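All remarks here apply to the structure that follows.
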Amino acid sequence: MKLVTGIIQPHRLDDVKSALEAAGVRGMTVSEASGYGRQKGHTEVYRGAEYTVDLVPKVRIEVLVSDEDVTAVTDAIVGAAQTGKIGDGKVWVVSVDDVARVRTGEHGDAAL
Amino acid sequence: MKLVTGIIQPHRLDDVKSALEAAGVRGMTVSEASGYGRQKGHTEVYRGAEYTVDLVPKVRIEVLVSDEDVTAVTDAIVGAAQTGKIGDGKVWVVSVDDVARVRTGEHGDAAL
Amino acid sequence: MKLVTGIIQPHRLDDVKSALEAAGVRGMTVSEASGYGRQKGHTEVYRGAEYTVDLVPKVRIEVLVSDEDVTAVTDAIVGAAQTGKIGDGKVWVVSVDDVARVRTGEHGDAAL
Ligand SMILES: Nc1ncnc2c1ncn2[C@@H]1O[C@H](COP(=O)(O)OP(=O)(O)OP(=O)(O)O)[C@@H](O)[C@H]1O
Ligand SMILES: Nc1ncnc2c1ncn2[C@@H]1O[C@H](COP(=O)(O)OP(=O)(O)OP(=O)(O)O)[C@@H](O)[C@H]1O
Ligand SMILES: Nc1ncnc2c1ncn2[C@@H]1O[C@H](COP(=O)(O)OP(=O)(O)OP(=O)(O)O)[C@@H](O)[C@H]1O
Ligand SMILES: [Mg+2]
Ligand SMILES: [Mg+2]
Ligand SMILES: [Mg+2]
């Protein structure tokens, strides 16, 4: 099992959720974050305001997936979050030893 | 070393903290998240309000543990968070290469 | 590739960011968290207020790095966050299978 984490622009969240649903994802976790990209000296625009040095509001999406779904899920996030502009986001994949569903106590792929 | 992450219902946080303390856990990190479970078409209830499609407030708990404690800590979270209702939560385990305690600069199990 | 996560005192964030920049880091993600350290019965001070049992405001920093940079980045966070006081923070390292840059679709070290 894998955990796919994406840091994306907030205004892409709805499209990313739709893309994930279309890819068969039935659960995800979303939270707020602030991003510091590599645009040293450049600027990023967020809701009409320019952010120069530092903090840009971002959204974090996390999706637990089976090994065979990791490419499809990563591609879904990248594809739906992409605008071609600086600061579009980052996606990374980490291996997961175990997953449990709290309601049933199930473990492993059955708990995804 | 392992990182155990749980996404639970906010009203279970106090019980989960107590269960973790009883399991010998001395440190944890808590943060806010929004959950999108697999209850497509179903509803979850949070503070009397029904959430249909989408965002349900959740709490994230993270606990760094030694390898031998991972089952006890996972079970403590699942046991204390469980109500038997849809949306009870998810727990997952990831392997950690290294941990450092900032105050002392210690690394490894001594830093847990 | 590795993900280095630090939970630090909020008032150390600026120094940690500077130390990371000096270590060559060009991107990072920052978010809010609450910490429960092992100071059972002790207290931590945050903005003049004493927190006894429980919740202390913390900042989470996450940095994706190449394998060869992981020690420098970990040391930069520990060094810049350290005050020598209880509750200074925790840093941990997790292995990352893949990273993608959303704007370009690049994967691997090129996406860092
Ligand atoms: N090395 C990193 N470690 C952790 N988070 C990162 C890293 N780089 C970027 N991020 C996060 O991802 C968000 C989006 O990054 P961003 O799209 O700017 O990446 P980038 O590599 O700078 O690409 P671009 O050249 O398109 O700007 C950042 O705001 C930050 O939250
Ligand atoms: N695949 C997933 N990836 C990431 N987070 C998830 C995933 N599935 C669920 N979560 C998170 O865990 C929370 C609780 O999930 P939930 O308990 O609804 O899991 P479930 O598998 O749908 O089980 P149930 O059938 O009991 O509802 C969700 O609100 C979401 O934050
Ligand atoms: N085992 C743990 N798992 C997850 N997060 C932890 C753990 N221990 C500490 N943390 C997080 O790191 C923050 C800082 O921890 P803290 O510096 O108090 O660590 P400590 O091991 O108790 O060291 P000290 O003896 O210096 O207090 C905590 O507030 C919490 O957010
Ligand atoms: Mg950037
Ligand atoms: Mg559900
Ligand atoms: Mg402590």
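Chains: A, B, ... in order of the structure tokens. Residues: from 1 per chain. Ligands: from 1, in order shown.
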
As an NGL selection string, please: all residues of chain A that backbone DSSP puts in strand (DSSP E).
:A and (2-8 or 28-36 or 44-46 or 49-51 or 56-65 or 89-95 or 98-101)

Could you give me the residues within 9 Å of ligand 1, counting only C-alpha atoms and all ligand atoms, as a PyMOL selection string?
(chain A and resi 6-9+33-40+44+54-60+84-91) or (chain C and resi 3-4+25-30+61-65+100-104+110-112)

Between atom CA of Ala80 of chain A and atom CA of Lys17 of chain A, distance in Å (one decimal):
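Going from atom CA of Ala80 of chain A over to atom CA of Lys17 of chain A covers 8.6 Å.
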
Which residue of A:His107, A:Asp98, A:Ala22, A:Val78 approaches Lys2 of chain A most closely, using only C-alpha atoms
A:Asp98

10 Å contact set for Ala19 of chain C, only C-alpha atoms, chain neighbours under 2 positions out, as a ChimeraX atom specification
/C:13-17,21-25,73,75-81

Which of these, B:Val70, B:Glu32, B:Gly108, B:Val96, has the shortest distance to chain A once you count only C-alpha atoms?
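Looking only at the distances to chain A, the closest residue turns out to be B:Glu32.
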
Where in chain C does DSSP assign helix (DSSP H, G or I), given as JSON, numbers by chain?
{"C": [10, 11, 12, 13, 14, 15, 16, 17, 18, 19, 20, 21, 22, 67, 68, 69, 70, 71, 72, 73, 74, 75, 76, 77, 78, 79, 80, 81, 108, 109, 110, 111]}

Interatomic distance, atom 15 (O, counted along the ligand's line) of ligand 3 to atom CA of Thr5 of chain B (Å, one decimal):
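So the answer is 16.2 Å.
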
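Minimum distance to chain B across A:Thr74, A:Ser66, A:Ser18, A:Ser95 (counting only C-alpha atoms) occurs at A:Ser95.
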
Which residue gives the smallest distance to ligand 2 among B:Asp109, B:Asp97, B:Gln82, B:Leu20, with only C-alpha atoms and all ligand atoms counted?
B:Gln82
